[in-house]
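Structure file protein_3.pdb; described as PDB, C-alpha atoms and all ligand atoms.
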```pdb
MODEL        1
ATOM      1  CA  MET B   1     -13.137 -18.399   3.085  1.00  0.00           C
ATOM      2  CA  THR B   2     -10.038 -18.013   5.259  1.00  0.00           C
ATOM      3  CA  PRO B   3      -8.922 -14.715   3.661  1.00  0.00           C
ATOM      4  CA  VAL B   4     -12.457 -13.390   4.209  1.00  0.00           C
ATOM      5  CA  ILE B   5     -12.348 -13.945   7.965  1.00  0.00           C
ATOM      6  CA  MET B   6      -8.902 -12.332   8.066  1.00  0.00           C
ATOM      7  CA  VAL B   7     -10.074  -9.248   6.220  1.00  0.00           C
ATOM      8  CA  GLU B   8     -13.193  -9.031   8.394  1.00  0.00           C
ATOM      9  CA  THR B   9     -11.063  -9.294  11.532  1.00  0.00           C
ATOM     10  CA  ILE B  10      -8.882  -6.411  10.369  1.00  0.00           C
ATOM     11  CA  ALA B  11     -12.032  -4.513   9.363  1.00  0.00           C
ATOM     12  CA  LEU B  12     -12.923  -4.391  13.078  1.00  0.00           C
ATOM     13  CA  ILE B  13      -9.778  -2.380  13.668  1.00  0.00           C
ATOM     14  CA  TYR B  14     -10.086  -0.284  10.521  1.00  0.00           C
ATOM     15  CA  TYR B  15     -13.679   0.852  11.098  1.00  0.00           C
ATOM     16  CA  ASN B  16     -12.951   1.460  14.749  1.00  0.00           C
ATOM     17  CA  ALA B  17     -10.091   3.719  13.673  1.00  0.00           C
ATOM     18  CA  ILE B  18     -12.338   5.595  11.235  1.00  0.00           C
ATOM     19  CA  ARG B  19     -15.004   5.904  13.929  1.00  0.00           C
ATOM     20  CA  LYS B  20     -12.484   7.451  16.309  1.00  0.00           C
ATOM     21  CA  ALA B  21     -10.880   9.681  13.685  1.00  0.00           C
ATOM     22  CA  THR B  22     -13.969  11.263  12.154  1.00  0.00           C
ATOM     23  CA  ASN B  23     -15.919  14.248  13.409  1.00  0.00           C
ATOM     24  CA  SER B  24     -18.907  13.314  11.286  1.00  0.00           C
ATOM     25  CA  SER B  25     -21.724  11.828  13.334  1.00  0.00           C
ATOM     26  CA  VAL B  26     -23.126  10.133  10.218  1.00  0.00           C
ATOM     27  CA  LEU B  27     -19.822   8.395   9.524  1.00  0.00           C
ATOM     28  CA  LYS B  28     -19.506   7.440  13.202  1.00  0.00           C
ATOM     29  CA  THR B  29     -22.955   5.818  13.047  1.00  0.00           C
ATOM     30  CA  ILE B  30     -22.079   3.955   9.839  1.00  0.00           C
ATOM     31  CA  CYS B  31     -18.859   2.666  11.402  1.00  0.00           C
ATOM     32  CA  LYS B  32     -20.677   1.495  14.518  1.00  0.00           C
ATOM     33  CA  GLN B  33     -23.193  -0.359  12.368  1.00  0.00           C
ATOM     34  CA  ILE B  34     -20.420  -2.001  10.328  1.00  0.00           C
ATOM     35  CA  LEU B  35     -18.615  -3.045  13.529  1.00  0.00           C
ATOM     36  CA  LYS B  36     -21.816  -4.480  14.913  1.00  0.00           C
ATOM     37  CA  ASP B  37     -22.418  -6.416  11.682  1.00  0.00           C
ATOM     38  CA  GLU B  38     -18.891  -7.758  11.386  1.00  0.00           C
ATOM     39  CA  VAL B  39     -18.904  -9.702  14.656  1.00  0.00           C
ATOM     40  CA  PRO B  40     -21.603 -12.225  13.622  1.00  0.00           C
ATOM     41  CA  HIS B  41     -19.965 -12.459  10.177  1.00  0.00           C
ATOM     42  CA  ILE B  42     -16.703 -13.483  11.836  1.00  0.00           C
ATOM     43  CA  ARG B  43     -18.478 -15.960  14.020  1.00  0.00           C
ATOM     44  CA  PHE B  44     -20.218 -17.435  10.983  1.00  0.00           C
ATOM     45  CA  GLN B  45     -16.868 -17.827   9.224  1.00  0.00           C
ATOM     46  CA  TYR B  46     -14.982 -19.461  12.092  1.00  0.00           C
ATOM     47  CA  GLU B  47     -17.810 -21.866  12.756  1.00  0.00           C
ATOM     48  CA  ARG B  48     -17.968 -22.900   9.092  1.00  0.00           C
ATOM     49  CA  LEU B  49     -14.183 -23.295   8.984  1.00  0.00           C
ATOM     50  CA  ALA B  50     -14.223 -25.442  12.136  1.00  0.00           C
ATOM     51  CA  ILE B  51     -16.824 -27.686  10.493  1.00  0.00           C
ATOM     52  CA  LEU B  52     -14.926 -27.804   7.180  1.00  0.00           C
ATOM     53  CA  HIS B  53     -11.656 -28.716   8.910  1.00  0.00           C
ATOM     54  CA  LYS B  54     -13.178 -31.279  11.247  1.00  0.00           C
ATOM     55  CA  LYS B  55     -12.164 -34.274   9.131  1.00  0.00           C
ATOM     56  CA  ARG B  56      -8.733 -32.921   8.249  1.00  0.00           C
ATOM     57  CA  GLY B  57      -5.842 -35.012   9.554  1.00  0.00           C
ATOM     58  CA  HIS B  58      -3.402 -33.653  12.138  1.00  0.00           C
ATOM     59  CA  LEU B  59      -0.610 -32.974   9.654  1.00  0.00           C
ATOM     60  CA  LEU B  60      -2.827 -31.326   7.078  1.00  0.00           C
ATOM     61  CA  LEU B  61      -4.399 -29.220   9.821  1.00  0.00           C
ATOM     62  CA  LYS B  62      -0.950 -28.081  10.981  1.00  0.00           C
ATOM     63  CA  LEU B  63      -0.033 -27.220   7.395  1.00  0.00           C
ATOM     64  CA  THR B  64      -3.303 -25.296   6.985  1.00  0.00           C
ATOM     65  CA  GLN B  65      -2.554 -23.349  10.169  1.00  0.00           C
ATOM     66  CA  ALA B  66       0.977 -22.520   9.026  1.00  0.00           C
ATOM     67  CA  ILE B  67      -0.310 -21.262   5.666  1.00  0.00           C
ATOM     68  CA  GLN B  68      -3.005 -19.228   7.428  1.00  0.00           C
ATOM     69  CA  ARG B  69      -0.468 -17.558   9.709  1.00  0.00           C
ATOM     70  CA  THR B  70       1.753 -16.661   6.769  1.00  0.00           C
ATOM     71  CA  LEU B  71      -1.213 -15.303   4.857  1.00  0.00           C
ATOM     72  CA  PHE B  72      -2.407 -13.288   7.842  1.00  0.00           C
ATOM     73  CA  PHE B  73       1.087 -11.877   8.402  1.00  0.00           C
ATOM     74  CA  THR B  74       1.036 -10.649   4.789  1.00  0.00           C
ATOM     75  CA  ILE B  75      -2.505  -9.244   4.997  1.00  0.00           C
ATOM     76  CA  VAL B  76      -1.803  -7.373   8.262  1.00  0.00           C
ATOM     77  CA  LEU B  77       1.278  -5.762   6.705  1.00  0.00           C
ATOM     78  CA  ALA B  78      -0.492  -5.003   3.405  1.00  0.00           C
ATOM     79  CA  VAL B  79      -3.398  -3.303   5.191  1.00  0.00           C
ATOM     80  CA  TRP B  80      -0.956  -1.218   7.234  1.00  0.00           C
ATOM     81  CA  CYS B  81       0.901  -0.179   4.073  1.00  0.00           C
ATOM     82  CA  GLY B  82      -2.304   0.829   2.326  1.00  0.00           C
ATOM     83  CA  HIS B  83      -4.202   2.358   5.250  1.00  0.00           C
ATOM     84  CA  HIS B  84      -1.691   3.484   7.890  1.00  0.00           C
ATOM     85  CA  LYS B  85      -2.842   7.109   7.618  1.00  0.00           C
ATOM     86  CA  ALA B  86      -6.428   6.204   8.513  1.00  0.00           C
ATOM     87  CA  LEU B  87      -5.291   3.787  11.212  1.00  0.00           C
ATOM     88  CA  ARG B  88      -2.945   6.356  12.754  1.00  0.00           C
ATOM     89  CA  ALA B  89      -5.715   8.956  12.713  1.00  0.00           C
ATOM     90  CA  GLY B  90      -7.754   6.502  14.778  1.00  0.00           C
ATOM     91  CA  ASP B  91      -4.981   6.120  17.380  1.00  0.00           C
ATOM     92  CA  TYR B  92      -3.533   2.918  16.021  1.00  0.00           C
ATOM     93  CA  ILE B  93       0.226   3.156  15.938  1.00  0.00           C
ATOM     94  CA  PHE B  94       1.806   0.147  14.244  1.00  0.00           C
ATOM     95  CA  LYS B  95       2.424  -1.778  17.482  1.00  0.00           C
ATOM     96  CA  LYS B  96      -1.139  -1.312  18.717  1.00  0.00           C
ATOM     97  CA  TYR B  97      -2.557  -2.233  15.295  1.00  0.00           C
ATOM     98  CA  TRP B  98      -0.326  -5.318  15.019  1.00  0.00           C
ATOM     99  CA  GLN B  99      -1.227  -6.542  18.500  1.00  0.00           C
ATOM    100  CA  ALA B 100      -4.952  -5.920  18.014  1.00  0.00           C
ATOM    101  CA  ALA B 101      -4.948  -7.766  14.684  1.00  0.00           C
ATOM    102  CA  TRP B 102      -3.189 -10.867  16.038  1.00  0.00           C
ATOM    103  CA  LYS B 103      -5.228 -10.897  19.229  1.00  0.00           C
ATOM    104  CA  LYS B 104      -8.481 -10.901  17.278  1.00  0.00           C
ATOM    105  CA  MET B 105      -7.288 -13.426  14.743  1.00  0.00           C
ATOM    106  CA  LYS B 106      -5.981 -15.722  17.499  1.00  0.00           C
ATOM    107  CA  PHE B 107      -9.448 -15.667  19.007  1.00  0.00           C
ATOM    108  CA  ALA B 108     -10.949 -16.658  15.645  1.00  0.00           C
ATOM    109  CA  TRP B 109      -8.271 -19.333  15.075  1.00  0.00           C
ATOM    110  CA  GLU B 110      -8.980 -20.820  18.443  1.00  0.00           C
ATOM    111  CA  ARG B 111     -12.602 -21.085  17.458  1.00  0.00           C
ATOM    112  CA  MET B 112     -11.989 -22.430  13.954  1.00  0.00           C
ATOM    113  CA  ASN B 113      -9.628 -25.150  15.154  1.00  0.00           C
ATOM    114  CA  PRO B 114     -11.801 -28.288  15.289  1.00  0.00           C
ATOM    115  CA  GLN B 115      -9.549 -29.732  18.003  1.00  0.00           C
ATOM    116  CA  LEU B 116     -10.105 -26.768  20.293  1.00  0.00           C
ATOM    117  CA  TYR B 117     -13.578 -25.723  19.275  1.00  0.00           C
ATOM    118  CA  GLU B 118     -15.940 -26.011  22.209  1.00  0.00           C
ATOM    119  CA  TRP B 119     -19.219 -26.497  20.334  1.00  0.00           C
ATOM    120  CA  ASP B 120     -21.237 -24.828  23.021  1.00  0.00           C
ATOM    121  CA  ASN B 121     -23.103 -21.575  23.055  1.00  0.00           C
ATOM    122  CA  LYS B 122     -22.222 -20.439  26.544  1.00  0.00           C
ATOM    123  CA  TYR B 123     -19.782 -17.746  25.452  1.00  0.00           C
ATOM    124  CA  ASP B 124     -21.132 -17.125  22.003  1.00  0.00           C
ATOM    125  CA  LEU B 125     -21.801 -13.750  20.555  1.00  0.00           C
ATOM    126  CA  GLU B 126     -25.563 -14.131  20.647  1.00  0.00           C
ATOM    127  CA  ASN B 127     -25.509 -13.887  24.424  1.00  0.00           C
ATOM    128  CA  CYS B 128     -23.742 -10.563  24.388  1.00  0.00           C
ATOM    129  CA  ASP B 129     -25.306  -7.182  24.501  1.00  0.00           C
ATOM    130  CA  PHE B 130     -25.249  -5.782  20.992  1.00  0.00           C
ATOM    131  CA  GLN B 131     -26.382  -2.419  22.277  1.00  0.00           C
ATOM    132  CA  GLN B 132     -22.842  -1.774  23.361  1.00  0.00           C
ATOM    133  CA  GLU B 133     -21.138   1.205  21.834  1.00  0.00           C
ATOM    134  CA  GLN B 134     -18.881  -0.744  19.549  1.00  0.00           C
ATOM    135  CA  SER B 135     -18.294  -4.296  18.541  1.00  0.00           C
ATOM    136  CA  GLU B 136     -14.559  -3.851  18.718  1.00  0.00           C
ATOM    137  CA  LEU B 137     -14.857  -3.624  22.486  1.00  0.00           C
ATOM    138  CA  LEU B 138     -17.365  -6.422  22.505  1.00  0.00           C
ATOM    139  CA  PHE B 139     -14.922  -8.589  20.661  1.00  0.00           C
ATOM    140  CA  ASP B 140     -12.145  -7.750  23.147  1.00  0.00           C
ATOM    141  CA  GLU B 141     -14.493  -8.532  25.991  1.00  0.00           C
ATOM    142  CA  LEU B 142     -15.243 -11.919  24.476  1.00  0.00           C
ATOM    143  CA  ILE B 143     -11.556 -12.693  24.145  1.00  0.00           C
ATOM    144  CA  MET B 144     -11.028 -11.883  27.817  1.00  0.00           C
ATOM    145  CA  ARG B 145     -14.050 -13.901  28.839  1.00  0.00           C
ATOM    146  CA  LYS B 146     -12.851 -16.896  26.884  1.00  0.00           C
ATOM    147  CA  LYS B 147      -9.395 -16.573  28.448  1.00  0.00           C
ATOM    148  CA  GLY B 148     -10.945 -16.275  31.877  1.00  0.00           C
ATOM    149  CA  VAL B 149     -12.712 -19.557  31.242  1.00  0.00           C
ATOM    150  CA  GLN B 150      -9.476 -21.246  30.281  1.00  0.00           C
ATOM    151  CA  ASN B 151      -7.548 -19.819  33.214  1.00  0.00           C
ATOM    152  CA  GLY B 152     -10.237 -20.502  35.743  1.00  0.00           C
TER     153      GLY B 152
HETATM  154 FE    FE B 201     -18.572  -8.817   6.925  1.00  0.00          FE
ENDMDL
END
```

As structure tokens:
Amino acid sequence: MTPVIMVETIALIYYNAIRKATNSSVLKTICKQILKDEVPHIRFQYERLAILHKKRGHLLLKLTQAIQRTLFFTIVLAVWCGHHKALRAGDYIFKKYWQAAWKKMKFAWERMNPQLYEWDNKYDLENCDFQQEQSELLFDELIMRKKGVQNG
């Protein structure tokens, strides 16, 4: 389940890149729909993972997190190696891609960590406007909102 959420997180960047790179309105529409669909998928995954890890001891949870970070590091690099042409065409230079990937995954990790998980719906995806142009932005907005909550 963990690799799935990682791949779906990177898919947000990938389909956003394709959306930006293409001149085809059909492909743009498909990408927008995929982006829109991916956000609730990611939410579903991090919620399930938070529930699954709830009874995990502190040490085992730390080990799980370390393995996840190593795995994500590998996946982010592998996707870049395989798809850098498409990503570059969509304005993602390596640094931007790397930062976007970790930012999104950090958001998901925060939510899948049973110790940090808030278990409230106040800032959940359901309350957001899905009519927005793209879920990639929506996802960024959510990250900022969540941070705003923590800072304030
Ligand atoms: Fe998905």

**OP:** Work out how far CA of Gln45 (chain B) is from CA of Ala108 (chain B), in Å to one decimal.
**Re:** 8.8 Å

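When all atoms listed in the file are used to compute distances to His41 (chain B), the closest of the residues B:Ile75, B:Leu87, B:Met1, B:Leu63 turns out to be B:Met1.
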
Original post:
Selected by the PyMOL selection byres (((not hetatm)) within 10 of (chain B and resi 201)) in the shown coordinates: which residues, as a list of chain:residue names?
Top reply: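 Selected by the PyMOL selection byres (((not hetatm)) within 10 of (chain B and resi 201)) here: B:Val4, B:Ile5, B:Val7, B:Glu8, B:Thr9, B:Ala11, B:Leu12, B:Ile34, B:Leu35, B:Lys36, B:Asp37, B:Glu38, B:Val39, B:Pro40, B:His41, B:Ile42, B:Phe44, B:Gln45.
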
Write out as a PDB file with C-alpha atoms, in the frame of the given file the residues lying within 12 Å of Leu61 (chain B), counting only C-alpha atoms and excluding same-chain residues fewer than 4 positions away.
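Written output follows (part19.pdb):
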```
ATOM      1  CA  LEU B  49     -14.183 -23.295   8.984  1.00  0.00           C
ATOM      2  CA  ALA B  50     -14.223 -25.442  12.136  1.00  0.00           C
ATOM      3  CA  LEU B  52     -14.926 -27.804   7.180  1.00  0.00           C
ATOM      4  CA  HIS B  53     -11.656 -28.716   8.910  1.00  0.00           C
ATOM      5  CA  LYS B  54     -13.178 -31.279  11.247  1.00  0.00           C
ATOM      6  CA  LYS B  55     -12.164 -34.274   9.131  1.00  0.00           C
ATOM      7  CA  ARG B  56      -8.733 -32.921   8.249  1.00  0.00           C
ATOM      8  CA  GLY B  57      -5.842 -35.012   9.554  1.00  0.00           C
ATOM      9  CA  GLN B  65      -2.554 -23.349  10.169  1.00  0.00           C
ATOM     10  CA  ALA B  66       0.977 -22.520   9.026  1.00  0.00           C
ATOM     11  CA  ILE B  67      -0.310 -21.262   5.666  1.00  0.00           C
ATOM     12  CA  GLN B  68      -3.005 -19.228   7.428  1.00  0.00           C
ATOM     13  CA  TRP B 109      -8.271 -19.333  15.075  1.00  0.00           C
ATOM     14  CA  MET B 112     -11.989 -22.430  13.954  1.00  0.00           C
ATOM     15  CA  ASN B 113      -9.628 -25.150  15.154  1.00  0.00           C
ATOM     16  CA  PRO B 114     -11.801 -28.288  15.289  1.00  0.00           C
ATOM     17  CA  GLN B 115      -9.549 -29.732  18.003  1.00  0.00           C
TER      18      GLN B 115
END
```

Original post:
Distance CA of Cys81 (chain B)-CA of Gln99 (chain B), one decimal place?
Top reply: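 Result for CA of Cys81 (chain B) versus CA of Gln99 (chain B): 15.9 Å, one decimal.
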
Taking only C-alpha atoms, show region 86-121 of chain B of the given structure as a PDB file, in the first residue's frame.
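Okay, part-v5.pdb is ready:
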```pdb
ATOM      1  CA  ALA B  86       8.092  14.523 -20.086  1.00  0.00           C
ATOM      2  CA  LEU B  87       8.710  16.229 -16.751  1.00  0.00           C
ATOM      3  CA  ARG B  88      11.075  18.774 -18.306  1.00  0.00           C
ATOM      4  CA  ALA B  89       8.554  19.478 -21.060  1.00  0.00           C
ATOM      5  CA  GLY B  90       6.097  20.346 -18.294  1.00  0.00           C
ATOM      6  CA  ASP B  91       8.518  22.828 -16.686  1.00  0.00           C
ATOM      7  CA  TYR B  92       9.836  20.506 -14.027  1.00  0.00           C
ATOM      8  CA  ILE B  93      13.587  20.796 -13.831  1.00  0.00           C
ATOM      9  CA  PHE B  94      15.091  18.245 -11.455  1.00  0.00           C
ATOM     10  CA  LYS B  95      15.176  20.592  -8.446  1.00  0.00           C
ATOM     11  CA  LYS B  96      11.549  21.642  -8.864  1.00  0.00           C
ATOM     12  CA  TYR B  97      10.453  18.024  -9.393  1.00  0.00           C
ATOM     13  CA  TRP B  98      12.435  16.808  -6.367  1.00  0.00           C
ATOM     14  CA  GLN B  99      11.048  19.524  -4.102  1.00  0.00           C
ATOM     15  CA  ALA B 100       7.467  19.022  -5.293  1.00  0.00           C
ATOM     16  CA  ALA B 101       7.691  15.258  -4.765  1.00  0.00           C
ATOM     17  CA  TRP B 102       9.021  15.514  -1.199  1.00  0.00           C
ATOM     18  CA  LYS B 103       6.639  18.312  -0.281  1.00  0.00           C
ATOM     19  CA  LYS B 104       3.638  16.256  -1.357  1.00  0.00           C
ATOM     20  CA  MET B 105       4.894  13.071   0.226  1.00  0.00           C
ATOM     21  CA  LYS B 106       5.685  14.888   3.489  1.00  0.00           C
ATOM     22  CA  PHE B 107       2.087  16.048   3.562  1.00  0.00           C
ATOM     23  CA  ALA B 108       0.897  12.455   3.108  1.00  0.00           C
ATOM     24  CA  TRP B 109       3.389  11.149   5.704  1.00  0.00           C
ATOM     25  CA  GLU B 110       2.183  13.678   8.195  1.00  0.00           C
ATOM     26  CA  ARG B 111      -1.314  12.396   7.660  1.00  0.00           C
ATOM     27  CA  MET B 112      -0.425   8.700   7.736  1.00  0.00           C
ATOM     28  CA  ASN B 113       1.549   8.997  10.964  1.00  0.00           C
ATOM     29  CA  PRO B 114      -0.880   7.814  13.663  1.00  0.00           C
ATOM     30  CA  GLN B 115       0.923   9.973  16.234  1.00  0.00           C
ATOM     31  CA  LEU B 116       0.363  13.139  14.233  1.00  0.00           C
ATOM     32  CA  TYR B 117      -2.874  12.316  12.490  1.00  0.00           C
ATOM     33  CA  GLU B 118      -5.567  14.757  13.519  1.00  0.00           C
ATOM     34  CA  TRP B 119      -8.643  12.595  12.914  1.00  0.00           C
ATOM     35  CA  ASP B 120     -10.805  15.547  12.081  1.00  0.00           C
ATOM     36  CA  ASN B 121     -12.383  16.626   8.855  1.00  0.00           C
TER      37      ASN B 121
END
```
